[in-house]
Amino acid sequence: MSTRALRRLRGKQRGQEALDLGDLTLGDSPEKQVDEEEEEEQQLDVANVSPPANKKDSSRKSKKNKAQKSLGNIYELICDVDNEAEDPHLDEEAAKTDRNTTSGLEKDDNIDVDKPDQKLQEASAKVKKKKKKKKTKASPEEGLRTVPDDNIDLLLENLEQPNGLSLQSENCGGSDRRSVLHVEHRNLNPETELKKYFGARAVLGDQRPRHRNRQFQSSNWMTAPKDSWPRHSRPGLSMTLLQSQDGIQYFTFEHSRDYQQLQFKFLDAVESMDPNNIVALLQLNPYHIDSLLQLSDVFRIQENQEMARDLIERALYSLECAFHPLFSLTSGTSRLDYLRPENRAFYLALYKHMIFLEKRGCPRTALEYCKLILSLDPDSDPLCMLLIIDFLMLRTREYQALLQLYQDWEEHRNLSQLPNFAFSTALSHFHLSKQEDMDPEESDKQRQKADLMLQNALIMFPGVLMPLLDLCSVQPDAAVTSHSFFGPKSQIGQSLALAELTALYVGRTYNVWREAGVMLWLEQSVREVLRRVDAKDPLVEDYQNKRKQRYQSAPRNIHRHVLLCEIKEAISSLPLEVTNQPVMSFDPLPPLDSVISYAQPERQPVGASNESTLSLFFRSLLPNFNLQGGPRQEDDMEVARAGHELNQEVNRLMVAMRDMLANIRFQEPPREDNPYRDEEEWD
């Protein structure tokens, strides 16, 4: 091979080096370049001396050695291209340096490069630059948001509609609220939690083949239809989207005309005070929500927990079938106004289902439903879920999540004024200090925080200690019972609202204080509190003034929560204005400013009856007897007066009949075995 061909080969290699963005040639030291030139000169000398047959082999070997020296690792070149593709300025600088180096080398070596080779090199360089630009357009803006197609949650999170409706929005009233109200679909199924405890075989058992042979597959998240349930048909219940504002969607349930007629029949059945009327209504309409809720309470009172839970699950299934396509259980951006009576059934069904799950031994699933209820209306919190969420977090041992909730919501919700958060946060710090994987210094800090927070909680709410020790079956020390700070004075001196909150907390969470280590820690804190009280700590007087100024009256949502929780100690502390009014389990303590979309029509007034007095008497023995049959009209005074006189006559007759039946005495006939009977008495 001639030297001209070798020089052309060398020029081709230099052209390839220019296409590699100059990183490999510019990074080499001058000494290395000199060594490479000496090796090439030696190869030229050998080529001139060696036979013609070996010239091709030597040129190939030199070309391979040259490529191996310049490209030690091919993946380095790929990484360099990817890194440089992120910054377009690097391409321009690299191109300039490549041009300078190639022109300098050509001047030094006097190499003539053919024009066709240059055109091929420029064309290949343009193709590479186009590929780089395509990569850079997709990578910088997308970043970590480019997700695979099978990740549905992230795809829905990135999807936004042009009219401003987003399926899942990150800006849902603050990052703190987003983290707290986030619900996971898989945790809404109690079987997920039970499988962790007992295994899939123990939980499912013989249910697997049944589910495979079903005619349809359910996609519901909260409940799955059972084989024993009636076939579901749309009962006239639907959901509509009212408005969307700042990434939050406001929904409401709606009742059709047929469903409204069912509601009127249901109200008549409730007024009759006969559960059989509700059963008859459910036989014709097996998915009427309020009837299912009311009948569930009847079975619960009869201690038939299995049937009561089944009716609640059926109500949830019917409600979930009526969801709007944009309504999301997990995003925390869907709202339901409790002021609308149509939405209250969903709140109550979720709450009752949560209570059944907690009693069933599924606190993690119950916590998810608690967060779901709180996310439906976090500002007003109609069922006051903040009074139970701390207890469920303690049951599930999510101490860090409880402290994060307290830290995020304390500023705008004043959680420290609630006894449950004052004691639960201290208990969370105590459990964190006992973890084995924590550093000793961090453990000491957590223990100090726990001691200080528990002491402050006892000073702020001294009425919690004695009922708590009583339910825990712990006999307090004589120094504690005889002290005026924790004695009977602390129970009598607190307001009704504060007594309601303390009784609710003690009746619900006394089981988490029964541990030996927790009780010993409580004893130490009580002694320290007594020392601070005797030393006249200014904090004691400050908290006493706060107790007098605050807790004058509890809001309506707290009363509603107490009625639903069914804790005897808390119900006994309810004020008279709550206990004196009738409370319906399907709508306990409705809001005073309710938004009524439709109302029950008034009954037609019924005048004086033509029935006889005796027939009226026998009808009055029935539990649903109503003499007037409806509201009287004010203008018809004569009919009202006649009905009133007739009612008085019936009442007098009923009293006379009761007295007559009470005075009747039956004389027993003489017995044959009476030894004292005179034989001549019957003669």
# chains A, B, ... in the order shown; residues from 1 in each chain; ligands from 1
>>> select_by_dssp(residues="region 269-488 of chain A", states="alpha helix (DSSP H)", output="PyMOL selection string")
chain A and resi 269-271+275-284+289-301+305-321+341-360+363-376+389-395+399-413+419-433+440-460+465-471+478-481+488
>>> write_last_selection(atoms="C-alpha atoms", output="short mmCIF file (atom, residue, chain, number, x, y, z; two decimals), in the first residue's frame")
data_model
loop_
_atom_site.label_atom_id
_atom_site.label_comp_id
_atom_site.auth_asym_id
_atom_site.auth_seq_id
_atom_site.Cartn_x
_atom_site.Cartn_y
_atom_site.Cartn_z
CA ALA A 269 -92.72 4.07 58.03
CA VAL A 270 -90.41 5.74 60.55
CA GLU A 271 -93.27 7.71 62.07
CA PRO A 275 -89.73 -1.84 61.84
CA ASN A 276 -91.92 -4.22 59.84
CA ASN A 277 -93.02 -1.32 57.66
CA ILE A 278 -89.37 -0.62 56.79
CA VAL A 279 -88.84 -4.30 56.01
CA ALA A 280 -91.84 -4.25 53.69
CA LEU A 281 -90.45 -1.19 51.95
CA LEU A 282 -87.07 -2.88 51.47
CA GLN A 283 -88.66 -5.97 49.99
CA LEU A 284 -89.97 -3.85 47.14
CA ILE A 289 -80.32 3.91 51.27
CA ASP A 290 -82.12 5.40 54.29
CA SER A 291 -84.13 2.22 54.82
CA LEU A 292 -80.93 0.18 54.84
CA LEU A 293 -79.33 2.54 57.38
CA GLN A 294 -82.39 2.55 59.66
CA LEU A 295 -82.85 -1.20 59.56
CA SER A 296 -79.13 -1.69 60.23
CA ASP A 297 -79.53 0.16 63.52
CA VAL A 298 -82.48 -2.07 64.41
CA PHE A 299 -80.37 -5.21 63.90
CA ARG A 300 -77.47 -3.66 65.80
CA ILE A 301 -79.71 -2.96 68.79
CA GLN A 305 -73.93 -7.44 64.09
CA GLU A 306 -73.48 -9.57 60.99
CA MET A 307 -76.80 -8.53 59.45
CA ALA A 308 -76.28 -4.90 60.45
CA ARG A 309 -72.88 -4.81 58.73
CA ASP A 310 -74.28 -6.51 55.63
CA LEU A 311 -76.97 -3.83 55.23
CA ILE A 312 -74.38 -1.05 55.51
CA GLU A 313 -72.23 -2.68 52.85
CA ARG A 314 -75.23 -2.97 50.57
CA ALA A 315 -75.94 0.76 51.02
CA LEU A 316 -72.32 1.62 50.18
CA TYR A 317 -72.48 -0.53 47.07
CA SER A 318 -75.59 1.25 45.85
CA LEU A 319 -74.04 4.66 46.54
CA GLU A 320 -70.83 3.76 44.74
CA CYS A 321 -72.78 2.63 41.68
CA PRO A 341 -79.91 15.99 52.83
CA GLU A 342 -79.16 13.82 49.78
CA ASN A 343 -75.44 13.71 50.70
CA ARG A 344 -75.85 12.81 54.38
CA ALA A 345 -76.61 9.16 53.71
CA PHE A 346 -73.15 8.71 52.17
CA TYR A 347 -71.47 10.28 55.22
CA LEU A 348 -73.42 8.11 57.65
CA ALA A 349 -72.86 4.92 55.66
CA LEU A 350 -69.11 5.54 55.58
CA TYR A 351 -69.01 6.30 59.31
CA LYS A 352 -70.99 3.21 60.32
CA HIS A 353 -68.86 1.06 58.02
CA MET A 354 -65.72 2.52 59.64
CA ILE A 355 -67.00 1.64 63.13
CA PHE A 356 -67.76 -1.93 62.05
CA LEU A 357 -64.26 -2.27 60.58
CA GLU A 358 -62.62 -1.03 63.77
CA LYS A 359 -64.61 -3.49 65.86
CA ARG A 360 -63.80 -6.25 63.38
CA PRO A 363 -57.91 -0.41 62.17
CA ARG A 364 -55.82 0.29 59.05
CA THR A 365 -58.85 0.03 56.79
CA ALA A 366 -60.92 2.06 59.25
CA LEU A 367 -58.26 4.78 59.14
CA GLU A 368 -58.56 5.00 55.36
CA TYR A 369 -62.32 5.48 55.63
CA CYS A 370 -61.79 8.10 58.33
CA LYS A 371 -59.51 10.06 56.02
CA LEU A 372 -62.02 9.62 53.21
CA ILE A 373 -64.83 11.13 55.30
CA LEU A 374 -62.58 13.98 56.36
CA SER A 375 -61.61 14.71 52.76
CA LEU A 376 -65.24 15.13 51.67
CA ILE A 389 -58.47 9.96 63.63
CA ASP A 390 -55.81 10.12 66.36
CA PHE A 391 -57.16 6.96 67.98
CA LEU A 392 -57.04 5.04 64.69
CA MET A 393 -53.48 6.24 64.05
CA LEU A 394 -52.45 4.99 67.48
CA ARG A 395 -54.10 1.64 66.77
CA TYR A 399 -47.03 7.74 65.22
CA GLN A 400 -45.07 9.84 62.76
CA ALA A 401 -48.16 10.45 60.63
CA LEU A 402 -50.08 11.59 63.71
CA LEU A 403 -47.34 14.06 64.64
CA GLN A 404 -47.23 15.34 61.05
CA LEU A 405 -50.99 15.87 61.08
CA TYR A 406 -50.74 17.75 64.37
CA GLN A 407 -47.91 19.92 63.06
CA ASP A 408 -49.63 20.77 59.77
CA TRP A 409 -53.13 21.45 61.11
CA GLU A 410 -52.35 23.08 64.44
CA GLU A 411 -52.03 26.56 62.98
CA HIS A 412 -55.47 26.76 61.35
CA ARG A 413 -57.46 24.20 63.40
CA PRO A 419 -58.04 16.66 74.71
CA ASN A 420 -57.59 13.75 72.32
CA PHE A 421 -54.76 15.43 70.40
CA ALA A 422 -53.13 16.81 73.57
CA PHE A 423 -52.73 13.30 75.00
CA SER A 424 -52.29 11.33 71.76
CA THR A 425 -49.36 13.41 70.52
CA ALA A 426 -47.57 12.91 73.82
CA LEU A 427 -48.22 9.17 73.59
CA SER A 428 -46.84 9.14 70.04
CA HIS A 429 -43.56 10.73 71.15
CA PHE A 430 -43.32 8.16 73.95
CA HIS A 431 -43.74 5.21 71.58
CA LEU A 432 -41.22 6.70 69.15
CA SER A 433 -38.66 6.95 71.96
CA PRO A 440 -29.92 7.20 71.67
CA GLU A 441 -29.77 10.99 71.33
CA GLU A 442 -32.92 11.11 69.23
CA SER A 443 -34.64 8.74 71.65
CA ASP A 444 -33.82 11.05 74.57
CA LYS A 445 -35.23 14.03 72.67
CA GLN A 446 -38.44 12.16 71.93
CA ARG A 447 -38.77 11.15 75.58
CA GLN A 448 -38.27 14.71 76.78
CA LYS A 449 -40.92 15.96 74.35
CA ALA A 450 -43.28 13.22 75.51
CA ASP A 451 -42.80 14.11 79.19
CA LEU A 452 -43.34 17.81 78.62
CA MET A 453 -46.41 17.35 76.39
CA LEU A 454 -48.06 14.89 78.79
CA GLN A 455 -47.49 17.20 81.75
CA ASN A 456 -48.99 20.14 79.85
CA ALA A 457 -51.96 17.97 78.82
CA LEU A 458 -52.60 16.96 82.44
CA ILE A 459 -52.40 20.58 83.56
CA MET A 460 -54.76 21.73 80.80
CA LEU A 465 -56.90 11.39 84.85
CA MET A 466 -59.38 9.91 87.34
CA PRO A 467 -61.90 8.52 84.79
CA LEU A 468 -58.97 7.11 82.80
CA LEU A 469 -57.54 5.29 85.81
CA ASP A 470 -61.02 4.04 86.71
CA LEU A 471 -61.57 2.45 83.28
CA ALA A 478 -53.62 8.51 98.05
CA ALA A 479 -51.53 11.60 97.34
CA VAL A 480 -53.29 11.94 93.99
CA THR A 481 -56.86 11.35 95.18
CA PRO A 488 -63.57 15.57 92.58
#
>>> residues_around(residues="Leu242 (chain A)", least_positions_apart="6", cutoff="9 Å", atoms="only C-alpha atoms", output="list of chain:residue names")
A:Gln249, A:Tyr250, A:Phe251, A:Thr252
>>> write_last_selection(atoms="N, CA, C and O atoms", output="mmCIF file, in the first residue's frame")
data_model
loop_
_atom_site.group_PDB
_atom_site.id
_atom_site.type_symbol
_atom_site.label_atom_id
_atom_site.label_comp_id
_atom_site.auth_asym_id
_atom_site.auth_seq_id
_atom_site.Cartn_x
_atom_site.Cartn_y
_atom_site.Cartn_z
ATOM 1 N N GLN A 249 -63.438 19.738 43.004
ATOM 2 C CA GLN A 249 -64.735 19.507 42.394
ATOM 3 C C GLN A 249 -65.795 19.327 43.486
ATOM 4 O O GLN A 249 -65.569 18.605 44.457
ATOM 5 N N TYR A 250 -66.936 19.972 43.299
ATOM 6 C CA TYR A 250 -68.044 19.922 44.248
ATOM 7 C C TYR A 250 -69.173 19.117 43.617
ATOM 8 O O TYR A 250 -69.714 19.494 42.573
ATOM 9 N N PHE A 251 -69.527 18.009 44.263
ATOM 10 C CA PHE A 251 -70.545 17.093 43.760
ATOM 11 C C PHE A 251 -71.737 17.077 44.711
ATOM 12 O O PHE A 251 -71.671 17.585 45.839
ATOM 13 N N THR A 252 -72.806 16.471 44.247
ATOM 14 C CA THR A 252 -73.980 16.251 45.089
ATOM 15 C C THR A 252 -74.780 15.089 44.543
ATOM 16 O O THR A 252 -74.797 14.843 43.321
#
>>> residues_around(residues="Leu589 (chain A)", least_positions_apart="6", cutoff="9 Å", atoms="only C-alpha atoms", output="PyMOL selection string")
chain A and resi 556-557+559-560+563+578+582-583
>>> residues_around(residues="Ser553 (chain A)", least_positions_apart="3", cutoff="9 Å", atoms="only C-alpha atoms", output="ChimeraX atom specification")
/A:495-498,550
>>> write_last_selection(atoms="N, CA and C atoms", output="mmCIF file, in the first residue's frame")
data_model
loop_
_atom_site.group_PDB
_atom_site.id
_atom_site.type_symbol
_atom_site.label_atom_id
_atom_site.label_comp_id
_atom_site.auth_asym_id
_atom_site.auth_seq_id
_atom_site.Cartn_x
_atom_site.Cartn_y
_atom_site.Cartn_z
ATOM 1 N N SER A 495 -66.700 22.668 82.461
ATOM 2 C CA SER A 495 -67.944 22.967 81.770
ATOM 3 C C SER A 495 -68.495 21.709 81.104
ATOM 4 N N LEU A 496 -69.763 21.813 80.625
ATOM 5 C CA LEU A 496 -70.391 20.664 79.987
ATOM 6 C C LEU A 496 -69.707 20.292 78.675
ATOM 7 N N ALA A 497 -69.271 21.306 77.934
ATOM 8 C CA ALA A 497 -68.596 21.022 76.666
ATOM 9 C C ALA A 497 -67.274 20.305 76.894
ATOM 10 N N LEU A 498 -66.512 20.751 77.887
ATOM 11 C CA LEU A 498 -65.237 20.090 78.184
ATOM 12 C C LEU A 498 -65.465 18.704 78.763
ATOM 13 N N ARG A 550 -62.728 29.372 77.435
ATOM 14 C CA ARG A 550 -63.103 28.502 76.328
ATOM 15 C C ARG A 550 -64.076 27.423 76.800
#
>>> closest_atom_pairs(of="region 279-325 of chain A", to="region 235-239 of chain A", cutoff="8 Å", atoms="only C-alpha atoms", output="Markdown table")
| residue | atom | partner | partner_atom | distance |
| --- | --- | --- | --- | --- |
| A:Asn285 | CA | A:Pro235 | CA | 7.6 |
| A:Tyr287 | CA | A:Pro235 | CA | 6.7 |
| A:His288 | CA | A:Pro235 | CA | 7.1 |
| A:Leu319 | CA | A:Leu237 | CA | 7.7 |
| A:Ala322 | CA | A:Ser238 | CA | 4.9 |
| A:Phe323 | CA | A:Met239 | CA | 5.7 |
| A:His324 | CA | A:Met239 | CA | 5.4 |
>>> decode(residues="region 274-290 of chain A", atoms="C-alpha atoms", output="PDB file, in the first residue's frame")
ATOM      1  CA  ASP A 274     -92.859  -0.247  63.375  1.00  0.00           C
ATOM      2  CA  PRO A 275     -89.728  -1.843  61.844  1.00  0.00           C
ATOM      3  CA  ASN A 276     -91.915  -4.223  59.842  1.00  0.00           C
ATOM      4  CA  ASN A 277     -93.022  -1.318  57.663  1.00  0.00           C
ATOM      5  CA  ILE A 278     -89.369  -0.623  56.791  1.00  0.00           C
ATOM      6  CA  VAL A 279     -88.840  -4.302  56.013  1.00  0.00           C
ATOM      7  CA  ALA A 280     -91.838  -4.253  53.694  1.00  0.00           C
ATOM      8  CA  LEU A 281     -90.452  -1.191  51.951  1.00  0.00           C
ATOM      9  CA  LEU A 282     -87.068  -2.876  51.470  1.00  0.00           C
ATOM     10  CA  GLN A 283     -88.663  -5.967  49.994  1.00  0.00           C
ATOM     11  CA  LEU A 284     -89.973  -3.854  47.144  1.00  0.00           C
ATOM     12  CA  ASN A 285     -86.936  -1.543  46.950  1.00  0.00           C
ATOM     13  CA  PRO A 286     -83.916  -3.500  48.254  1.00  0.00           C
ATOM     14  CA  TYR A 287     -81.418  -0.665  47.631  1.00  0.00           C
ATOM     15  CA  HIS A 288     -83.141   2.280  49.304  1.00  0.00           C
ATOM     16  CA  ILE A 289     -80.324   3.913  51.268  1.00  0.00           C
ATOM     17  CA  ASP A 290     -82.118   5.402  54.289  1.00  0.00           C
TER      18      ASP A 290
END
